[in-house]
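J.: Could you have a look at this structure, given as structure tokens, before my questions?
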Amino acid sequence: MAQHSPRPAAALGTGLASALMILTGVLGITQGIAAIANDDVYSVVGKYAFKLDVSTWGWIHLAVGALVLLTGFALFTGSILARAIGVLLAGAVLIVNFLDLPYEPYWSVIMIALNLFVIWSLFHDVGPDAA
């Protein structure tokens with residue numbers, strides 16, 4: 001009878017990070033589609049430092065969301081390259097949602113928190129005990 005060593009917690013963190021990236025990607029895509037389809041979905045902000053139209057933010061969310069979705073699926077393979085791209089894209093989602101705070105304050109804070117966990121778990125999985 002073969003003995004199986006338990007998976008390290010770090011490898012489980014990467015699995016959760018990939019699932020969260022898939023969720024974040026899908027939500028980013030729907031967020032982008034909502035902004036592109038109808039500008040009335042988002043509140044109008046007074047003077048904002050970044051002079052971008054709401055539909056422009058929609059295209060940004062759509063593009064970043066699609067990349068995050070694909071990277072989330074790639075993380076299931078255990079690739080180091082996918083992990084590095086995942087960290088970069090989670091950082092990009094952080095920045096995009098930080099800049100989107102005036103339009104969607106509560107949702108942006110939730111997305112920032114999710115992506116901070118994704119970055120933490122992807123960095124936490126690096127090491128000699130990582131699967």
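Ligands are numbered from 1 in the order shown, residues from 1 within each chain, and chains are lettered A, B, ... in the order they appear in the structure tokens.
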Could you pull out the alpha helix (DSSP H) residues of stretch 22-99 of chain A from DSSP and send them as a count of residues only?
T.: 58
J.: What's around stretch 85-94 of chain A at 7 Å? Count only C-alpha atoms, leave out sequence neighbours fewer than 5 positions away in its own chain, and write the answer as a PyMOL selection string.
T.: chain A and resi 68+71+112+115+118-119+122
J.: For each of A:Gly13, A:Gly58, A:Gly65, A:Pro102, take the minimum atom-to-atom distance to A:Leu27, counting only C-alpha atoms, then give the residue where this is smallest.
T.: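 So, comparing all the options, the nearest one is A:Gly65.
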J.: Using only C-alpha atoms, which of A:Leu62, A:Val109, A:Leu116, A:Leu99 sits nearest A:Thr30?
T.: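 Counting only C-alpha atoms, the residue closest to A:Thr30 is A:Leu62.
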J.: Contacts of A:Thr77 at 12 Å or less, counting only C-alpha atoms, minus same-chain residues fewer than 3 places along, as an MDAnalysis selection string?
T.: chainID A and resid 11 14:15 18 70:74 80:83 131
J.: For A:Ser108, find every residue with an atom within 8 Å (counting only C-alpha atoms), except residues of its own chain fewer than 5 positions away, and show them as JSON, numbers by chain.
T.: {"A": [97, 98, 100, 101]}
J.: Using only C-alpha atoms, find the one residue out of A:Asn38, A:Leu75, A:Gly28, A:Ile95 that sits nearest to A:Leu12.
T.: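 Going through A:Asn38, A:Leu75, A:Gly28, A:Ile95 one by one, the smallest distance to A:Leu12 is for A:Leu75.
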J.: Find, counting only C-alpha atoms, the residue in A:Ala35, A:Val96, A:Ala84, A:Ile22 that gets nearest to A:Leu69.
T.: A:Ile22
J.: Quick one: pull the distance between atom CA of A:Ala19 and atom CA of A:Leu114, Å, one decimal.
T.: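 Here the two named atoms are 11.1 Å from each other.
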